[in-house]
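Everything below belongs to final_27.cif, which stores mmCIF, C-alpha atoms and all ligand atoms.
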data_query
loop_
_atom_site.label_atom_id
_atom_site.label_comp_id
_atom_site.auth_asym_id
_atom_site.auth_seq_id
_atom_site.Cartn_x
_atom_site.Cartn_y
_atom_site.Cartn_z
CA MET A 1 -9.03 15.09 2.07
CA TYR A 2 -6.37 13.42 -0.10
CA LYS A 3 -7.65 12.63 -3.60
CA TYR A 4 -7.08 9.24 -5.17
CA SER A 5 -8.35 9.83 -8.68
CA ASP A 6 -8.16 6.15 -9.69
CA ILE A 7 -10.99 5.35 -7.24
CA VAL A 8 -13.44 7.44 -9.29
CA GLY A 9 -16.08 5.15 -10.80
CA LYS A 10 -14.87 2.03 -8.96
CA VAL A 11 -17.40 -0.21 -7.23
CA ALA A 12 -16.78 -0.78 -3.53
CA LEU A 13 -18.44 -3.17 -1.10
CA VAL A 14 -18.02 -2.33 2.58
CA THR A 15 -19.30 -4.86 5.10
CA GLY A 16 -20.91 -3.72 8.35
CA ALA A 17 -21.16 -0.18 7.03
CA GLY A 18 -24.13 0.99 9.09
CA SER A 19 -21.95 2.36 11.90
CA GLY A 20 -18.46 3.19 13.09
CA ILE A 21 -15.44 2.42 10.92
CA GLY A 22 -17.47 0.76 8.14
CA LYS A 23 -19.72 3.79 7.83
CA ALA A 24 -16.71 6.11 7.70
CA ALA A 25 -15.02 3.87 5.10
CA ALA A 26 -18.13 3.85 2.90
CA ILE A 27 -18.33 7.64 3.12
CA ALA A 28 -14.60 8.09 2.44
CA LEU A 29 -14.70 5.82 -0.62
CA ALA A 30 -17.80 7.61 -1.93
CA GLU A 31 -16.01 10.95 -1.42
CA GLN A 32 -13.22 9.53 -3.59
CA GLY A 33 -15.78 8.87 -6.31
CA ALA A 34 -16.53 5.17 -5.77
CA ARG A 35 -20.03 3.77 -6.12
CA VAL A 36 -20.54 2.11 -2.78
CA ALA A 37 -22.52 -0.90 -1.59
CA ILE A 38 -23.26 -0.58 2.11
CA ASN A 39 -23.63 -4.01 3.66
CA TYR A 40 -25.57 -4.50 6.88
CA PHE A 41 -27.13 -7.40 8.72
CA ARG A 42 -29.30 -6.18 11.60
CA ASN A 43 -28.57 -2.46 11.39
CA GLU A 44 -30.74 -1.42 8.45
CA THR A 45 -31.40 2.02 9.98
CA GLY A 46 -27.67 2.69 10.22
CA ALA A 47 -27.09 1.51 6.65
CA GLU A 48 -29.84 3.78 5.35
CA GLU A 49 -28.29 6.69 7.25
CA THR A 50 -24.87 5.98 5.69
CA LYS A 51 -26.53 5.95 2.28
CA ARG A 52 -28.42 9.15 3.02
CA GLN A 53 -25.18 10.94 3.93
CA ILE A 54 -23.42 9.73 0.79
CA VAL A 55 -26.29 10.68 -1.51
CA ALA A 56 -26.71 14.07 0.22
CA ALA A 57 -23.04 14.77 -0.56
CA GLY A 58 -23.62 13.93 -4.23
CA GLY A 59 -22.29 10.36 -4.10
CA HIS A 60 -23.74 7.06 -5.25
CA ALA A 61 -24.63 4.26 -2.81
CA ILE A 62 -26.92 1.29 -2.34
CA THR A 63 -27.59 -0.85 0.73
CA VAL A 64 -27.31 -4.63 0.71
CA ARG A 65 -28.41 -6.98 3.45
CA ALA A 66 -26.34 -10.08 4.28
CA ASP A 67 -25.09 -11.90 7.32
CA VAL A 68 -21.42 -12.07 6.40
CA THR A 69 -20.97 -15.33 8.30
CA LYS A 70 -23.25 -17.17 5.85
CA ALA A 71 -21.74 -18.21 2.51
CA GLU A 72 -25.03 -18.23 0.63
CA GLU A 73 -26.01 -14.74 1.82
CA VAL A 74 -22.57 -13.37 0.97
CA ARG A 75 -22.69 -14.85 -2.53
CA ARG A 76 -26.18 -13.48 -3.11
CA ALA A 77 -25.16 -10.03 -1.86
CA ALA A 78 -22.03 -9.93 -4.03
CA SER A 79 -23.90 -10.92 -7.18
CA GLY A 80 -26.70 -8.45 -6.37
CA VAL A 81 -24.15 -5.65 -6.03
CA SER A 82 -22.44 -6.64 -9.29
CA ALA A 83 -25.78 -6.72 -11.10
CA GLU A 84 -26.75 -3.28 -9.80
CA LEU A 85 -23.44 -1.40 -9.79
CA GLY A 86 -21.08 -3.51 -11.90
CA PRO A 87 -18.27 -5.86 -10.84
CA ILE A 88 -16.76 -5.20 -7.42
CA ASP A 89 -13.32 -3.53 -7.52
CA ILE A 90 -12.84 -2.77 -3.83
CA LEU A 91 -13.84 -4.96 -0.89
CA VAL A 92 -13.55 -3.76 2.70
CA ASN A 93 -14.01 -6.60 5.18
CA ASN A 94 -15.02 -4.47 8.14
CA ALA A 95 -17.93 -6.27 9.84
CA GLY A 96 -16.82 -7.66 13.17
CA SER A 97 -17.44 -7.60 16.88
CA LEU A 98 -16.25 -8.90 20.22
CA VAL A 99 -19.90 -9.95 20.80
CA GLU A 100 -19.30 -10.67 24.50
CA ARG A 101 -16.33 -10.43 26.85
CA LEU A 102 -15.72 -13.89 28.28
CA ARG A 103 -12.87 -15.44 30.23
CA LEU A 104 -11.53 -18.83 29.19
CA MET A 105 -13.58 -20.93 31.60
CA ASP A 106 -16.83 -19.14 30.71
CA MET A 107 -16.43 -19.42 26.94
CA SER A 108 -18.79 -21.88 25.27
CA GLU A 109 -17.83 -23.62 22.05
CA ALA A 110 -20.79 -21.94 20.35
CA ARG A 111 -19.68 -18.44 21.39
CA TRP A 112 -16.12 -19.14 20.24
CA ASP A 113 -17.46 -20.20 16.85
CA ASP A 114 -19.76 -17.13 16.56
CA VAL A 115 -16.92 -14.71 17.13
CA VAL A 116 -14.36 -16.48 14.96
CA ASP A 117 -16.94 -16.78 12.16
CA LEU A 118 -17.84 -13.10 12.37
CA ASN A 119 -14.27 -11.77 12.48
CA LEU A 120 -12.39 -14.33 10.37
CA LYS A 121 -14.58 -16.67 8.32
CA SER A 122 -16.59 -13.68 7.06
CA ALA A 123 -13.53 -12.24 5.32
CA PHE A 124 -12.75 -15.58 3.68
CA LEU A 125 -16.34 -15.84 2.42
CA CYS A 126 -16.43 -12.29 1.08
CA VAL A 127 -13.05 -12.61 -0.66
CA GLN A 128 -14.13 -15.91 -2.19
CA ALA A 129 -17.30 -14.23 -3.50
CA VAL A 130 -15.47 -11.39 -5.28
CA ALA A 131 -12.01 -12.80 -6.15
CA ALA A 132 -12.86 -14.66 -9.37
CA SER A 133 -14.13 -11.52 -11.07
CA MET A 134 -11.24 -9.45 -9.75
CA MET A 135 -8.67 -11.97 -10.98
CA GLN A 136 -10.37 -12.24 -14.35
CA ARG A 137 -10.23 -8.46 -14.76
CA ARG A 138 -6.73 -8.28 -13.18
CA THR A 139 -7.81 -5.51 -10.84
CA GLY A 140 -8.95 -5.28 -7.26
CA ALA A 141 -8.08 -4.08 -3.78
CA ILE A 142 -9.18 -5.86 -0.65
CA VAL A 143 -8.79 -4.30 2.79
CA ASN A 144 -9.36 -6.35 5.92
CA VAL A 145 -10.11 -4.64 9.24
CA SER A 146 -8.10 -6.45 11.89
CA SER A 147 -7.30 -5.03 15.34
CA ILE A 148 -4.50 -4.21 17.75
CA ALA A 149 -6.00 -7.16 19.69
CA GLY A 150 -4.79 -9.42 16.90
CA ARG A 151 -1.23 -8.52 17.83
CA ASN A 152 -1.31 -8.09 21.61
CA GLY A 153 -4.03 -10.60 22.59
CA GLY A 154 -6.53 -7.86 23.45
CA ALA A 155 -7.96 -6.87 26.81
CA LEU A 156 -9.05 -9.64 29.18
CA GLY A 157 -12.04 -11.60 27.97
CA SER A 158 -11.26 -11.44 24.28
CA ILE A 159 -9.35 -14.59 23.30
CA HIS A 160 -12.00 -15.50 20.72
CA TYR A 161 -11.86 -12.03 19.16
CA SER A 162 -8.10 -11.48 19.35
CA SER A 163 -7.38 -14.94 17.91
CA ALA A 164 -9.71 -14.24 14.99
CA LYS A 165 -8.16 -10.81 14.37
CA GLY A 166 -4.67 -12.35 14.52
CA GLY A 167 -5.86 -14.95 12.03
CA LEU A 168 -7.09 -12.15 9.81
CA ILE A 169 -3.58 -10.64 9.70
CA THR A 170 -2.18 -14.02 8.68
CA MET A 171 -4.96 -14.61 6.16
CA THR A 172 -4.22 -11.19 4.65
CA LYS A 173 -0.68 -12.37 3.89
CA GLY A 174 -1.79 -15.73 2.50
CA LEU A 175 -4.45 -14.18 0.29
CA ALA A 176 -2.01 -11.51 -0.85
CA LYS A 177 0.43 -14.18 -2.04
CA GLU A 178 -2.31 -16.03 -3.91
CA LEU A 179 -3.99 -13.02 -5.49
CA ALA A 180 -1.15 -10.56 -6.19
CA PRO A 181 0.03 -12.49 -9.28
CA HIS A 182 -3.50 -11.91 -10.64
CA GLY A 183 -3.40 -8.15 -10.11
CA VAL A 184 -5.39 -8.14 -6.86
CA ARG A 185 -3.88 -6.56 -3.74
CA VAL A 186 -4.88 -7.65 -0.25
CA ASN A 187 -3.92 -5.58 2.80
CA ALA A 188 -5.26 -4.88 6.27
CA VAL A 189 -5.62 -2.11 8.79
CA SER A 190 -5.19 -2.71 12.48
CA PRO A 191 -7.00 -0.03 14.48
CA GLY A 192 -6.16 0.63 18.13
CA VAL A 193 -8.85 2.34 20.21
CA ILE A 194 -11.31 4.08 17.92
CA ASP A 195 -14.36 6.04 19.01
CA THR A 196 -17.24 3.89 17.72
CA PRO A 197 -20.26 2.03 19.15
CA PHE A 198 -17.83 -0.89 19.76
CA HIS A 199 -16.46 0.70 22.92
CA GLU A 200 -19.85 1.92 24.14
CA GLN A 201 -20.69 -1.77 24.19
CA PHE A 202 -17.48 -3.41 25.38
CA SER A 203 -15.35 -0.91 27.35
CA THR A 204 -16.18 0.79 30.64
CA PRO A 205 -15.38 4.53 31.06
CA GLU A 206 -12.53 3.47 33.40
CA ALA A 207 -11.11 1.13 30.75
CA MET A 208 -11.29 3.94 28.18
CA LYS A 209 -9.37 6.26 30.53
CA ALA A 210 -6.71 3.60 30.99
CA HIS A 211 -6.51 3.12 27.22
CA VAL A 212 -6.01 6.84 26.60
CA ALA A 213 -3.25 6.97 29.24
CA ALA A 214 -1.39 4.34 27.20
CA ILE A 215 -1.69 6.20 23.88
CA PRO A 216 1.24 8.51 23.03
CA ALA A 217 -1.08 10.64 20.85
CA GLY A 218 -3.09 11.29 24.03
CA ARG A 219 -6.49 10.48 22.58
CA VAL A 220 -8.54 7.76 20.94
CA GLY A 221 -8.83 7.69 17.13
CA THR A 222 -11.78 8.63 14.98
CA PRO A 223 -13.48 6.35 12.43
CA ALA A 224 -12.48 8.84 9.71
CA GLU A 225 -8.80 8.38 10.65
CA VAL A 226 -9.14 4.67 9.93
CA ALA A 227 -11.21 5.27 6.81
CA SER A 228 -8.55 7.47 5.23
CA VAL A 229 -5.99 4.65 5.52
CA ILE A 230 -8.53 2.21 4.07
CA ALA A 231 -9.02 4.60 1.11
CA PHE A 232 -5.23 4.75 0.66
CA LEU A 233 -4.99 0.94 0.60
CA ALA A 234 -7.90 0.78 -1.85
CA SER A 235 -6.20 3.23 -4.20
CA GLY A 236 -3.35 3.08 -6.66
CA ALA A 237 -1.35 5.25 -4.25
CA SER A 238 -0.54 1.98 -2.45
CA SER A 239 0.08 -0.03 -5.64
CA TYR A 240 3.21 -1.74 -4.25
CA VAL A 241 1.80 -2.38 -0.75
CA VAL A 242 0.91 -6.08 -0.66
CA GLY A 243 -0.03 -8.27 2.31
CA GLU A 244 0.68 -5.45 4.75
CA THR A 245 -1.17 -4.62 7.96
CA ILE A 246 -1.05 -0.92 8.82
CA GLU A 247 -1.32 -0.02 12.51
CA ILE A 248 -3.60 2.94 13.25
CA ASN A 249 -3.30 3.37 16.98
CA GLY A 250 -1.81 6.74 17.94
CA GLY A 251 1.42 4.99 18.92
CA MET A 252 -0.19 2.58 21.41
CA LEU A 253 1.68 -0.35 19.87
CA MET A 254 4.64 0.05 17.56
CA ASP A 255 6.83 -2.10 15.29
P1 LIG A 301 -19.37 -1.22 15.11
O1 LIG A 301 -20.01 -2.15 16.06
O2 LIG A 301 -19.93 0.15 14.94
O3 LIG A 301 -19.27 -1.88 13.66
C1 LIG A 301 -19.43 -3.25 13.36
C2 LIG A 301 -20.48 -3.37 12.28
O4 LIG A 301 -20.56 -4.73 11.85
C3 LIG A 301 -21.87 -2.97 12.79
O5 LIG A 301 -22.45 -2.06 11.88
C4 LIG A 301 -22.63 -4.29 12.80
O6 LIG A 301 -24.00 -4.13 12.60
C5 LIG A 301 -21.94 -5.05 11.68
N1 LIG A 301 -22.15 -6.49 11.76
C6 LIG A 301 -22.12 -7.26 12.88
N2 LIG A 301 -22.39 -8.54 12.56
C7 LIG A 301 -22.60 -8.57 11.22
C8 LIG A 301 -22.90 -9.62 10.30
N3 LIG A 301 -23.04 -10.88 10.72
N4 LIG A 301 -23.04 -9.31 8.99
C9 LIG A 301 -22.89 -8.02 8.55
N5 LIG A 301 -22.60 -6.99 9.39
C10 LIG A 301 -22.45 -7.28 10.71
O7 LIG A 301 -17.87 -1.11 15.60
P2 LIG A 301 -16.56 -0.60 14.85
O8 LIG A 301 -15.64 -0.21 15.91
O9 LIG A 301 -16.87 0.34 13.77
O10 LIG A 301 -16.02 -1.97 14.23
C11 LIG A 301 -15.69 -2.13 12.86
C12 LIG A 301 -14.53 -3.09 12.75
O11 LIG A 301 -13.39 -2.51 13.38
C13 LIG A 301 -14.77 -4.43 13.47
O12 LIG A 301 -14.24 -5.47 12.69
C14 LIG A 301 -13.98 -4.26 14.75
O13 LIG A 301 -13.59 -5.50 15.26
C15 LIG A 301 -12.81 -3.45 14.26
N6 LIG A 301 -12.05 -2.74 15.27
C16 LIG A 301 -12.61 -1.73 16.01
C17 LIG A 301 -11.84 -1.06 16.95
C18 LIG A 301 -12.38 0.07 17.78
O14 LIG A 301 -11.63 0.55 18.66
N7 LIG A 301 -13.58 0.54 17.57
C19 LIG A 301 -10.44 -1.42 17.17
C20 LIG A 301 -9.96 -2.47 16.33
C21 LIG A 301 -10.75 -3.10 15.41
#

Structure rendered as structure tokens:
Amino acid sequence: MYKYSDIVGKVALVTGAGSGIGKAAAIALAEQGARVAINYFRNETGAEETKRQIVAAGGHAITVRADVTKAEEVRRAASGVSAELGPIDILVNNAGSLVERLRLMDMSEARWDDVVDLNLKSAFLCVQAVAASMMQRRTGAIVNVSSIAGRNGGALGSIHYSSAKGGLITMTKGLAKELAPHGVRVNAVSPGVIDTPFHEQFSTPEAMKAHVAAIPAGRVGTPAEVASVIAFLASGASSYVVGETIEINGGMLMD
């Protein structure tokens, strides 16, 4: 593992960290020496397991419940974390989901709103909850978890999700412009096909085979391979990387 010594002692909040990429990011940041707040909404068991793994490895972690689509819950979670661990230095906006594959004519307004709220509004709310303290202290790194779908429109049945993830790439740039003068960096990662519960839920075995055939690296990615890039973006090793979205897709989509 690469060591980013400036992460030691930092406070990190990772949303949706009870499984998949969020879990791996929480573990990676804890391995780098951060004190980590593991956010979850419904998956308390997963969050407790993430915490157990971090603590077993000698790290420091707490769990914090909040639905990241609700401003009040996000604010309460952020102030709870600050009270318990200290002000938040690193925010990873990871929580997200496709929720349900739906073609255009089957998409209800309510489902559109659910998915856009979960994948886009959530990041706005979380950044708003931590940014004042970061700006005041002139320090902070925010990493948004977008998706390859945000660039290529995603597989069929994902216009709600891919539009939100595309919006997240744009929001990353806008936030970066606003916050960089205050010493706060905002960047994003854009994973391709990563082996997490996401695909167990939303991709058939045939679709996974087709995905792999289109990946020059010849395999899907692991959550840890996304987490290591998140740790890089959270660290001083990326001090001049601002408003960038890093593709992590085994070569599936380049440029
Ligand atoms: P996952 O389903 O394991 O992780 C999503 C997490 O978000 C879950 O732990 C879930 O409980 C949590 N969550 C859902 N709604 C929430 C809410 N309202 N408040 C708080 N937490 C909530 O799947 P995965 O793959 O780890 O997804 C993590 C992120 O990576 C998501 O934003 C996803 O869109 C993105 N992504 C995943 C890819 C993949 O191939 N697995 C590819 C590109 C992006």

Discussion item. Can you tell me which residues surround Ala176 (chain A) at a distance of at most 12 Å, considering all atoms listed in the file, apart from same-chain residues fewer than 2 positions away, and format the answer as a PyMOL selection string?
Written reply: chain A and resi 127+131+140-144+168-174+178-188+240-245

Discussion item. Let me make sure I understand: among A:Gly236, A:Gly192, A:Gly9, A:Pro216, which one has the smallest atom-to-atom distance to ligand LIG 301 (chain A) if we use only C-alpha atoms and all ligand atoms?
Written reply: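 Ranked by minimum distance to ligand LIG 301 (chain A), first place goes to A:Gly192.
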
Discussion item. Measuring between all atoms listed in the file, which one of A:Gly153, A:Gly58, A:Gly221, A:Gly166 shows the shortest distance to ligand LIG 301 (chain A)?
Written reply: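 Of the candidates, the smallest distance to ligand LIG 301 (chain A) is held by A:Gly221.
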
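Proximity of A:Arg101, A:Gly20, A:Ile62, A:Tyr161 to Thr204 (chain A), computed with only C-alpha atoms, is greatest for A:Arg101.
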
Discussion item. At a cut-off of 6 Å, using all atoms listed in the file, what residues contact region 68-83 of chain A? Leave out same-chain residues fewer than 6 positions from it and give the result as a ChimeraX atom specification.
Written reply: /A:117-118,122,125,129

Axis-aligned box over every listed atom of region 222-234 of chain A, padded by 8 Å per side: centre and edges in Å to one decimal, as lines of an AutoDock Vina configuration file?
center_x = -9.2
center_y = 4.8
center_z = 6.6
size_x = 24.5
size_y = 24.1
size_z = 32.8

Discussion item. List the spatial neighbours of region 196-198 of chain A as a VMD selection string - criterion: any atom at most 7 Å away, all atoms listed in the file, same-chain residues fewer than 3 positions off excluded.
Written reply: chain A and resid 20 201 to 202 223

Discussion item. My list of candidates is A:Asn39, A:Val116, A:Val193, A:Leu29. Which is closest to Ile54 (chain A) when distances are computed with all atoms listed in the file?
Written reply: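 With all atoms listed in the file as the atom set, the closest residue is A:Leu29.
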
Discussion item. Just the number, please: distance in Å from CA of Ala213 (chain A) to CA of Ser147 (chain A), one decimal.
Written reply: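 Value for the CA of Ala213 (chain A)-CA of Ser147 (chain A) distance: 18.8 Å.
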
Kindly extract all protein, DNA and RNA residues lying within 6 Å of the coordinates (-26.5, 3.4, 1.8) given in the file, considering all atoms listed in the file, and supply them as a PDB file with C-alpha atoms, in the frame of the given file.
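Saved the output as out.pdb:
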ATOM      1  CA  ILE A  38     -23.260  -0.580   2.110  1.00  0.00           C
ATOM      2  CA  ALA A  47     -27.090   1.510   6.650  1.00  0.00           C
ATOM      3  CA  GLU A  48     -29.840   3.780   5.350  1.00  0.00           C
ATOM      4  CA  THR A  50     -24.870   5.980   5.690  1.00  0.00           C
ATOM      5  CA  LYS A  51     -26.530   5.950   2.280  1.00  0.00           C
ATOM      6  CA  ALA A  61     -24.630   4.260  -2.810  1.00  0.00           C
ATOM      7  CA  ILE A  62     -26.920   1.290  -2.340  1.00  0.00           C
ATOM      8  CA  THR A  63     -27.590  -0.850   0.730  1.00  0.00           C
TER       9      THR A  63
END

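CA of Gly46 (chain A) is found 12.6 Å from atom N2 of ligand LIG 301 (chain A).
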